[in-house]
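Student: entry-v4.txt (compact mmCIF, C-alpha atoms and all ligand atoms) pasted underneath:
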# COMPACT_ATOMS: atom_id res chain seq x y z
CA MET A 1 10.20 -132.57 -37.77
CA ALA A 2 10.98 -135.92 -36.15
CA PRO A 3 9.27 -137.01 -32.94
CA LEU A 4 11.39 -136.87 -29.80
CA ILE A 5 10.43 -140.40 -28.81
CA THR A 6 9.94 -143.19 -31.36
CA HIS A 7 10.07 -146.47 -29.42
CA LEU A 8 6.71 -145.74 -27.73
CA TYR A 9 3.69 -143.63 -28.58
CA THR A 10 3.61 -140.61 -26.28
CA ALA A 11 1.28 -137.62 -26.02
CA ASP A 12 0.21 -134.64 -23.89
CA PRO A 13 3.80 -133.66 -22.98
CA SER A 14 4.28 -131.63 -19.82
CA ALA A 15 7.85 -130.36 -19.86
CA HIS A 16 9.76 -128.90 -16.92
CA VAL A 17 13.36 -127.97 -16.28
CA PHE A 18 14.54 -129.78 -13.17
CA GLU A 19 18.16 -130.08 -12.06
CA GLY A 20 19.35 -128.48 -15.33
CA ARG A 21 17.67 -131.08 -17.59
CA VAL A 22 14.38 -131.00 -19.47
CA PHE A 23 12.02 -133.61 -18.05
CA ILE A 24 8.98 -134.68 -20.08
CA TYR A 25 5.91 -136.18 -18.44
CA PRO A 26 3.67 -137.47 -21.25
CA SER A 27 0.74 -139.84 -21.62
CA HIS A 28 1.80 -143.27 -22.86
CA ASP A 29 -0.51 -144.15 -25.77
CA ARG A 30 -1.12 -147.78 -26.63
CA GLU A 31 -2.97 -149.88 -29.18
CA THR A 32 -6.49 -150.86 -28.19
CA ASP A 33 -9.42 -152.67 -29.76
CA ILE A 34 -11.89 -150.23 -28.18
CA ALA A 35 -14.12 -148.65 -30.84
CA PHE A 36 -13.39 -144.98 -31.55
CA ASN A 37 -15.96 -142.54 -30.20
CA ASP A 38 -16.24 -138.87 -29.27
CA ASN A 39 -16.08 -139.78 -25.59
CA GLY A 40 -12.40 -140.72 -26.01
CA ASP A 41 -12.82 -144.31 -24.77
CA GLN A 42 -10.09 -145.43 -27.19
CA TYR A 43 -7.56 -143.36 -25.21
CA ASP A 44 -7.08 -146.26 -22.82
CA MET A 45 -3.66 -145.65 -21.32
CA ALA A 46 -2.40 -147.71 -18.38
CA ASP A 47 0.96 -146.33 -17.26
CA TYR A 48 3.39 -143.41 -17.41
CA HIS A 49 7.03 -143.21 -18.44
CA VAL A 50 9.23 -140.19 -17.69
CA PHE A 51 11.80 -138.91 -20.21
CA SER A 52 14.63 -136.42 -19.96
CA THR A 53 17.32 -134.76 -22.02
CA GLU A 54 20.19 -132.41 -21.32
CA SER A 55 19.78 -130.62 -24.67
CA LEU A 56 17.02 -129.77 -27.13
CA ASP A 57 19.41 -130.14 -30.04
CA PRO A 58 17.63 -132.63 -32.37
CA ALA A 59 20.64 -134.96 -32.19
CA ALA A 60 20.66 -135.12 -28.38
CA PRO A 61 19.53 -138.39 -26.82
CA VAL A 62 16.27 -138.52 -24.87
CA VAL A 63 16.47 -140.91 -21.92
CA ASP A 64 13.48 -143.12 -21.11
CA HIS A 65 13.45 -143.51 -17.32
CA GLY A 66 10.93 -146.34 -17.59
CA VAL A 67 7.52 -146.88 -15.99
CA VAL A 68 7.01 -144.59 -13.01
CA LEU A 69 3.35 -145.28 -12.26
CA LYS A 70 0.68 -147.70 -13.50
CA THR A 71 -3.05 -148.12 -12.96
CA GLU A 72 -2.61 -151.09 -10.59
CA ASP A 73 -0.49 -148.88 -8.27
CA VAL A 74 -3.37 -146.47 -7.70
CA PRO A 75 -5.98 -147.82 -5.25
CA TRP A 76 -8.79 -145.51 -6.42
CA ALA A 77 -8.24 -145.68 -10.20
CA SER A 78 -9.95 -147.99 -12.67
CA LYS A 79 -8.65 -146.93 -16.10
CA GLN A 80 -7.58 -144.19 -18.53
CA LEU A 81 -4.42 -142.57 -17.22
CA TRP A 82 -4.74 -139.38 -19.25
CA ALA A 83 -2.55 -136.29 -19.52
CA PRO A 84 -0.24 -135.89 -16.49
CA ASP A 85 1.89 -133.09 -15.13
CA ALA A 86 4.65 -132.75 -12.55
CA ALA A 87 5.92 -130.16 -10.11
CA CYS A 88 8.83 -129.63 -7.75
CA LYS A 89 8.55 -127.89 -4.43
CA ASP A 90 10.84 -127.88 -1.41
CA GLY A 91 12.97 -130.70 -2.80
CA LYS A 92 10.07 -133.10 -3.45
CA TYR A 93 8.69 -134.06 -6.85
CA PHE A 94 5.00 -134.54 -7.58
CA LEU A 95 3.32 -136.37 -10.44
CA TYR A 96 -0.30 -135.37 -11.03
CA PHE A 97 -2.57 -137.54 -13.17
CA PRO A 98 -6.23 -137.91 -14.09
CA ALA A 99 -7.90 -141.32 -14.14
CA ARG A 100 -11.41 -142.68 -13.91
CA ASP A 101 -12.31 -143.85 -10.42
CA LYS A 102 -14.15 -147.10 -9.74
CA GLN A 103 -17.44 -145.34 -10.59
CA GLY A 104 -16.11 -144.14 -13.95
CA ILE A 105 -15.74 -140.52 -12.85
CA PHE A 106 -12.49 -138.70 -13.64
CA ARG A 107 -10.52 -137.55 -10.60
CA ILE A 108 -6.99 -136.21 -10.23
CA GLY A 109 -4.36 -138.01 -8.20
CA ALA A 110 -1.04 -136.96 -6.72
CA ALA A 111 2.03 -139.17 -6.42
CA VAL A 112 5.22 -138.19 -4.62
CA GLY A 113 8.88 -138.91 -5.28
CA ASP A 114 12.36 -137.77 -4.35
CA LYS A 115 13.69 -137.45 -7.89
CA PRO A 116 12.26 -135.92 -11.07
CA GLU A 117 12.46 -139.28 -12.82
CA GLY A 118 10.49 -140.99 -10.05
CA PRO A 119 9.52 -143.49 -8.85
CA PHE A 120 6.34 -141.89 -7.56
CA VAL A 121 4.17 -143.25 -4.76
CA PRO A 122 0.50 -142.40 -5.27
CA ASP A 123 -1.67 -141.10 -2.49
CA PRO A 124 -4.40 -143.62 -1.60
CA GLU A 125 -7.23 -141.23 -2.53
CA PRO A 126 -7.58 -138.64 -5.28
CA ILE A 127 -7.09 -134.97 -4.42
CA ARG A 128 -10.19 -133.99 -2.42
CA GLY A 129 -12.59 -131.96 -4.54
CA SER A 130 -10.78 -132.79 -7.81
CA TYR A 131 -12.65 -133.72 -10.96
CA SER A 132 -12.28 -133.85 -14.74
CA ILE A 133 -8.89 -134.15 -16.48
CA ASP A 134 -5.61 -132.59 -17.61
CA PRO A 135 -4.01 -131.21 -14.43
CA ALA A 136 -1.35 -128.55 -15.01
CA THR A 137 0.56 -127.19 -12.05
CA PHE A 138 2.34 -123.88 -11.87
CA VAL A 139 4.59 -122.79 -9.02
CA ASP A 140 4.79 -119.01 -8.95
CA GLU A 141 7.82 -116.93 -7.94
CA ASP A 142 6.42 -116.60 -4.40
CA ASN A 143 6.41 -120.44 -4.13
CA GLN A 144 2.58 -120.62 -4.17
CA ALA A 145 1.44 -123.45 -6.45
CA TYR A 146 -1.74 -123.60 -8.52
CA MET A 147 -3.45 -126.42 -10.37
CA TYR A 148 -5.42 -125.79 -13.56
CA PHE A 149 -7.61 -128.60 -14.87
CA GLY A 150 -10.67 -129.54 -16.90
CA GLY A 151 -11.71 -130.99 -20.23
CA LEU A 152 -14.99 -131.13 -22.14
CA TRP A 153 -16.85 -134.15 -23.60
CA GLY A 154 -15.04 -137.32 -22.41
CA GLY A 155 -13.24 -135.16 -19.85
CA GLN A 156 -16.58 -134.56 -18.03
CA LEU A 157 -16.09 -130.85 -17.23
CA GLN A 158 -19.62 -130.11 -18.49
CA CYS A 159 -21.01 -132.42 -15.79
CA TYR A 160 -20.21 -129.83 -13.08
CA GLN A 161 -22.40 -126.92 -14.17
CA LYS A 162 -24.40 -127.17 -10.93
CA GLY A 163 -21.31 -126.83 -8.73
CA ASN A 164 -17.97 -128.38 -7.88
CA ASP A 165 -19.57 -131.13 -5.81
CA VAL A 166 -22.41 -132.06 -8.15
CA PHE A 167 -21.72 -134.55 -10.94
CA ASP A 168 -24.62 -134.31 -13.36
CA ALA A 169 -24.60 -137.64 -15.23
CA GLU A 170 -27.09 -136.26 -17.79
CA TRP A 171 -24.23 -134.27 -19.31
CA GLN A 172 -21.88 -137.23 -19.78
CA GLY A 173 -20.54 -137.83 -23.27
CA PRO A 174 -19.61 -135.48 -26.11
CA LYS A 175 -21.81 -132.61 -24.87
CA GLU A 176 -21.26 -129.00 -23.89
CA PRO A 177 -23.37 -125.86 -23.46
CA SER A 178 -24.40 -123.99 -26.62
CA GLY A 179 -26.80 -121.37 -27.87
CA PRO A 180 -26.99 -117.61 -28.43
CA GLY A 181 -25.35 -115.63 -25.63
CA VAL A 182 -24.38 -118.73 -23.62
CA TRP A 183 -20.93 -118.46 -22.04
CA ALA A 184 -18.31 -121.12 -22.64
CA LEU A 185 -17.41 -123.22 -19.65
CA GLY A 186 -14.09 -122.19 -18.17
CA PRO A 187 -11.29 -124.44 -17.00
CA ARG A 188 -10.78 -124.70 -13.26
CA VAL A 189 -8.03 -123.49 -10.94
CA ALA A 190 -7.24 -124.09 -7.28
CA ARG A 191 -4.39 -123.03 -5.04
CA MET A 192 -2.39 -126.02 -3.82
CA SER A 193 -1.70 -126.78 -0.17
CA ASP A 194 1.85 -126.31 1.09
CA ASP A 195 2.48 -130.05 0.84
CA MET A 196 1.24 -130.01 -2.79
CA ARG A 197 -1.11 -132.97 -2.21
CA GLN A 198 -4.47 -131.21 -1.76
CA PHE A 199 -6.30 -128.09 -2.87
CA ALA A 200 -5.88 -125.27 -0.36
CA GLY A 201 -8.95 -123.31 -1.37
CA GLU A 202 -12.11 -123.42 -3.40
CA VAL A 203 -11.96 -124.65 -6.96
CA GLN A 204 -12.72 -121.63 -9.14
CA GLU A 205 -13.71 -121.24 -12.76
CA VAL A 206 -11.07 -119.52 -14.91
CA VAL A 207 -12.57 -116.64 -16.87
CA ILE A 208 -11.36 -116.11 -20.45
CA LEU A 209 -12.47 -112.85 -22.06
CA ALA A 210 -12.78 -111.90 -25.72
CA PRO A 211 -10.52 -108.88 -26.40
CA GLU A 212 -13.09 -107.29 -28.75
CA THR A 213 -15.93 -107.19 -26.20
CA GLY A 214 -14.32 -107.62 -22.78
CA GLU A 215 -17.02 -110.24 -22.21
CA ARG A 216 -16.59 -113.95 -21.62
CA ILE A 217 -15.94 -116.13 -24.66
CA LEU A 218 -19.16 -117.66 -25.91
CA ALA A 219 -19.87 -121.39 -25.91
CA ASP A 220 -20.51 -121.46 -29.65
CA HIS A 221 -17.12 -119.91 -30.47
CA HIS A 222 -15.42 -123.27 -30.87
CA ASP A 223 -12.34 -121.72 -32.48
CA ARG A 224 -11.56 -119.96 -29.17
CA ARG A 225 -13.35 -121.62 -26.30
CA PHE A 226 -11.47 -123.75 -23.78
CA PHE A 227 -11.77 -127.49 -24.45
CA GLU A 228 -8.84 -129.19 -22.60
CA ALA A 229 -5.05 -129.19 -22.17
CA ALA A 230 -4.55 -126.31 -19.72
CA TRP A 231 -1.05 -124.93 -19.27
CA MET A 232 0.39 -121.91 -17.47
CA HIS A 233 3.67 -120.13 -18.00
CA LYS A 234 4.92 -116.74 -16.90
CA ARG A 235 7.12 -114.47 -18.99
CA ASN A 236 8.17 -110.92 -18.14
CA GLY A 237 5.58 -110.85 -15.33
CA VAL A 238 2.70 -111.81 -17.64
CA TYR A 239 0.68 -114.98 -16.97
CA TYR A 240 0.01 -116.96 -20.15
CA PHE A 241 -2.83 -119.48 -19.85
CA SER A 242 -2.84 -121.78 -22.88
CA TYR A 243 -5.19 -124.56 -23.97
CA SER A 244 -6.64 -126.65 -26.77
CA THR A 245 -9.89 -125.77 -28.54
CA GLY A 246 -10.65 -129.48 -29.05
CA ASP A 247 -12.90 -129.99 -32.05
CA THR A 248 -11.36 -127.03 -33.91
CA HIS A 249 -7.86 -128.34 -33.08
CA TYR A 250 -6.04 -125.11 -32.17
CA LEU A 251 -3.61 -124.41 -29.36
CA CYS A 252 -4.50 -120.93 -28.08
CA TYR A 253 -3.47 -118.63 -25.27
CA ALA A 254 -4.86 -115.88 -23.11
CA THR A 255 -2.95 -113.48 -20.88
CA GLY A 256 -3.53 -111.91 -17.50
CA THR A 257 -1.93 -110.24 -14.51
CA SER A 258 -2.89 -112.87 -11.91
CA PRO A 259 -2.51 -116.66 -11.94
CA MET A 260 -6.21 -116.91 -11.01
CA GLY A 261 -7.30 -114.87 -14.03
CA PRO A 262 -9.20 -113.36 -15.66
CA PHE A 263 -7.30 -113.87 -18.91
CA THR A 264 -7.87 -112.17 -22.24
CA TYR A 265 -7.70 -114.27 -25.39
CA GLY A 266 -4.47 -113.52 -27.26
CA GLY A 267 -4.41 -115.78 -30.33
CA ARG A 268 -3.18 -119.11 -31.62
CA ILE A 269 0.09 -120.80 -30.72
CA LEU A 270 -0.13 -123.75 -33.12
CA GLU A 271 -2.33 -124.48 -36.11
CA PRO A 272 -3.94 -127.97 -36.25
CA VAL A 273 -1.62 -130.96 -36.32
CA LEU A 274 -2.32 -134.37 -37.89
CA GLY A 275 -4.70 -136.10 -35.46
CA TRP A 276 -7.81 -135.06 -33.52
CA THR A 277 -6.20 -133.97 -30.27
CA THR A 278 -3.64 -131.26 -29.71
CA HIS A 279 -1.98 -130.75 -26.33
CA HIS A 280 1.15 -128.98 -25.25
CA SER A 281 3.39 -127.35 -22.69
CA ILE A 282 5.62 -124.29 -22.87
CA VAL A 283 8.90 -124.03 -21.00
CA GLU A 284 11.95 -121.79 -20.94
CA PHE A 285 15.24 -123.66 -21.32
CA GLN A 286 18.65 -122.07 -21.79
CA SER A 287 17.00 -118.64 -22.35
CA ARG A 288 14.81 -119.85 -25.24
CA TRP A 289 11.12 -120.75 -25.18
CA TRP A 290 9.97 -124.17 -26.31
CA LEU A 291 6.60 -125.65 -27.27
CA PHE A 292 6.21 -129.35 -26.57
CA HIS A 293 3.22 -130.89 -28.35
CA HIS A 294 2.16 -134.06 -30.16
CA ASP A 295 0.84 -135.25 -33.51
CA CYS A 296 -0.01 -138.54 -35.21
CA GLU A 297 2.53 -138.60 -38.03
CA LEU A 298 4.44 -141.60 -36.71
CA SER A 299 1.22 -143.67 -36.55
CA LYS A 300 0.16 -142.27 -39.96
CA GLY A 301 -2.87 -140.52 -38.54
CA VAL A 302 -4.22 -142.88 -35.88
CA ASP A 303 -5.78 -140.40 -33.45
CA HIS A 304 -4.95 -142.24 -30.23
CA LEU A 305 -1.36 -143.17 -31.21
CA ARG A 306 0.52 -139.91 -30.86
CA SER A 307 4.13 -138.77 -30.66
CA VAL A 308 5.75 -135.92 -28.76
CA LYS A 309 7.57 -133.17 -30.64
CA VAL A 310 9.25 -129.92 -29.65
CA LYS A 311 9.73 -126.63 -31.47
CA GLU A 312 11.00 -123.21 -30.50
CA ILE A 313 8.46 -120.39 -30.20
CA TRP A 314 8.84 -116.62 -30.33
CA TYR A 315 7.11 -113.58 -28.87
CA ASP A 316 6.72 -110.23 -30.59
CA ASN A 317 7.68 -106.93 -28.96
CA ASP A 318 4.23 -106.72 -27.31
CA GLY A 319 4.55 -110.19 -25.79
CA ARG A 320 2.22 -111.83 -28.31
CA ILE A 321 3.10 -115.42 -29.20
CA VAL A 322 3.89 -115.86 -32.89
CA THR A 323 1.61 -118.54 -34.37
CA GLU A 324 3.45 -121.69 -35.48
CA LYS A 325 2.57 -124.15 -38.21
CA PRO A 326 3.01 -127.88 -37.60
CA GLU A 327 6.17 -129.43 -39.04
O1 LIG A 401 -4.56 -138.22 -23.85
C1 LIG A 401 -5.90 -138.27 -23.48
C2 LIG A 401 -6.54 -136.96 -23.67
O2 LIG A 401 -6.42 -136.55 -25.02
C3 LIG A 401 -5.91 -135.83 -22.90
O3 LIG A 401 -6.20 -135.87 -21.54
C4 LIG A 401 -6.43 -134.68 -23.66
O4 LIG A 401 -5.82 -133.47 -23.38
C5 LIG A 401 -6.22 -135.15 -25.09
O5 LIG A 401 -4.92 -134.91 -25.53
The structure given in the file should be rewritten as C-alpha cells.
Tutor:
Amino acid sequence: MAPLITHLYTADPSAHVFEGRVFIYPSHDRETDIAFNDNGDQYDMADYHVFSTESLDPAAPVVDHGVVLKTEDVPWASKQLWAPDAACKDGKYFLYFPARDKQGIFRIGAAVGDKPEGPFVPDPEPIRGSYSIDPATFVDEDNQAYMYFGGLWGGQLQCYQKGNDVFDAEWQGPKEPSGPGVWALGPRVARMSDDMRQFAGEVQEVVILAPETGERILADHHDRRFFEAAWMHKRNGVYYFSYSTGDTHYLCYATGTSPMGPFTYGGRILEPVLGWTTHHSIVEFQSRWWLFHHDCELSKGVDHLRSVKVKEIWYDNDGRIVTEKPE
C-alpha cells in the first residue's frame, strides 16, 4: 500500500474529521546526524505540517497545508516536536504537541487556531501538570474533553513513579519497571478545562486489565503492556483505548465503559510494520472505520524516517477489532 504523503516523511498520524474533510496531524520526520539510541534522540523533529483530504480513495489528492507550528514559535520548547494531536471544541481548533522544555523534560503544549488547517498560536507555557509525550484528545458526546498521554523510555513516563509532580531523573533513558508480579505503568488521562488549554482535574493513571485474570497487565508482558501512542475512539457506546507496545511493535486495544477506564485488553489491531515504532489513530469517516498509521517502507527501513498510511478496519459482531497485517 502506498504512503499517503511522499514529498515529506511523516509519522504518528492523528486523524480527525473536521468540516467534512479528513485532517491529518502527523509528526514531520527529518534527516539527522544524531546517533541512533534507545532514548529516541534521533527523532529530532522541528515543525508540524497539517494535511487534509476530502476522500480516502487512494487516488484522491492529499493537501499539504504547510508548516503550522515550529520549535522557534514555542517559548518553552527546546527540541523534539513529537507526536501531536488536534481537537475542535466550540468552533476553535487546538493543536497539542509534546516537546522537551529548556531542561530537557518532555511537556505538552497547546496551540489555538480558528481553522483546522491552522495556523496555531502556542500558549506561552506548557499545560500545567503535563509531562511525557504523545497527547491524544477525545471529545465525548457530552462535550467533555479528555487528554491521554505518556510514553516509556525516551518518553520519560517511567520518571513519574513517585507522583505526577516528581520527575525522578534516575529513571531517564530506556528503562521501565520489571520483575515478577510488578504492574505495568499505565498511560495517563486528565479531563480538559472548558477552554481546552489546561487540565481540569488530577492526572490519573489509566488502568488496563488482562481479560484472563481481571488484574492489571504485568510490566514484563511486553506484548501487551502500554508503551506509547495512546488513542481513544468510541463506537456503539464502547470506549476503545488503543496504544503501541513499543519494543514488541504491536498496536493493541482495550475496551471499557468510561473514558477514564478501567479498560480490558482486547487484542491486536496491527501486526508489526517495517520500522521500530508503530503509532496510529482510528477515525470514522463516511460510515467506515479507518486506521491511520506509519511505516518505514519509503525510507527503506530507516526507523526515524516514516510515512503515513491508511487502511480500513473491521469489527466482529462482538465489537472486537479484526487484526490487520501491514501492507
Ligand atoms: O515520533 C516520535 C515518537 O516515536 C512518538 O512520539 C512515538 O509515539 C513514536 O512514534
Student: Which residues come within 10 Å of Phe263 (chain A), counting all atoms listed in the file, excluding same-chain residues fewer than 3 positions away, as an MDAnalysis selection string?
Tutor: chainID A and resid 206:211 216 239:242 253:260 266
Student: Compile the contact shell of Thr71 (chain A) as a ChimeraX atom specification: residues with an atom at most 12 Å away, counting all atoms listed in the file, same-chain residues fewer than 4 positions apart removed.
Tutor: /A:44-48,67,75-82,97-102,109,121-122
Student: Could you report the residues within 7 Å of ligand LIG 401 (chain A), using all atoms listed in the file, as a list in words?
Tutor: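 The residues near ligand LIG 401 (chain A) are Ala11, Asp12, Ser27, Tyr43, Trp82, Ala83, Ile133, Asp134, Glu228, Ala229, Thr277, Thr278 and His279 of chain A.
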Student: Store the residues picked out above in a file with C-alpha atoms, as an mmCIF file, in the frame of the given file.
Tutor:
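What ended up in selection32.cif:
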data_model
loop_
_atom_site.group_PDB
_atom_site.id
_atom_site.type_symbol
_atom_site.label_atom_id
_atom_site.label_comp_id
_atom_site.auth_asym_id
_atom_site.auth_seq_id
_atom_site.Cartn_x
_atom_site.Cartn_y
_atom_site.Cartn_z
ATOM 1 C CA ALA A 11 1.280 -137.620 -26.020
ATOM 2 C CA ASP A 12 0.210 -134.640 -23.890
ATOM 3 C CA SER A 27 0.740 -139.840 -21.620
ATOM 4 C CA TYR A 43 -7.560 -143.360 -25.210
ATOM 5 C CA TRP A 82 -4.740 -139.380 -19.250
ATOM 6 C CA ALA A 83 -2.550 -136.290 -19.520
ATOM 7 C CA ILE A 133 -8.890 -134.150 -16.480
ATOM 8 C CA ASP A 134 -5.610 -132.590 -17.610
ATOM 9 C CA GLU A 228 -8.840 -129.190 -22.600
ATOM 10 C CA ALA A 229 -5.050 -129.190 -22.170
ATOM 11 C CA THR A 277 -6.200 -133.970 -30.270
ATOM 12 C CA THR A 278 -3.640 -131.260 -29.710
ATOM 13 C CA HIS A 279 -1.980 -130.750 -26.330
#
Student: Taking into account only C-alpha atoms, which residue in the set A:Asp316, A:Glu125, A:Asp220, A:Glu271 is nearest to Arg197 (chain A)?
Tutor: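 Among the listed residues, A:Glu125 lies closest to Arg197 (chain A).
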Student: Which one is closest to Arg128 (chain A): A:Asp73, A:Asp38, A:Asp165, A:Asp57? Count all atoms listed in the file.
Tutor: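 The shortest atom-to-atom distance to Arg128 (chain A) comes from A:Asp165.
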Student: List as number ranges by chain the protein and nucleic acid residues near Gly151 (chain A), meaning an atom at most 12 Å away when only C-alpha atoms are counted, but skip any in the same chain fewer than 5 places from it.
Tutor: A: 39-40, 82-83, 98, 106-107, 131-136, 156-160, 172-176, 185-188, 225-230, 243-247, 277, 279
Student: Using all atoms listed in the file for the distances, tell me which of A:Glu327, A:Asp168, A:Glu297, A:Glu205 is nearest to Val310 (chain A).
Tutor: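 Smallest separation from Val310 (chain A) among the options: A:Glu327.
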Student: Give me, please, the distance in Å between CA of Lys92 (chain A) and CA of Gln198 (chain A), quoted to one decimal.
Tutor: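 It comes out at 14.8 Å.
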Student: What gap, in Å, lies between CA of His233 (chain A) and CA of Arg320 (chain A)?
Tutor: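 Computed distance, CA of His233 (chain A) to CA of Arg320 (chain A), equals 13.3 Å.
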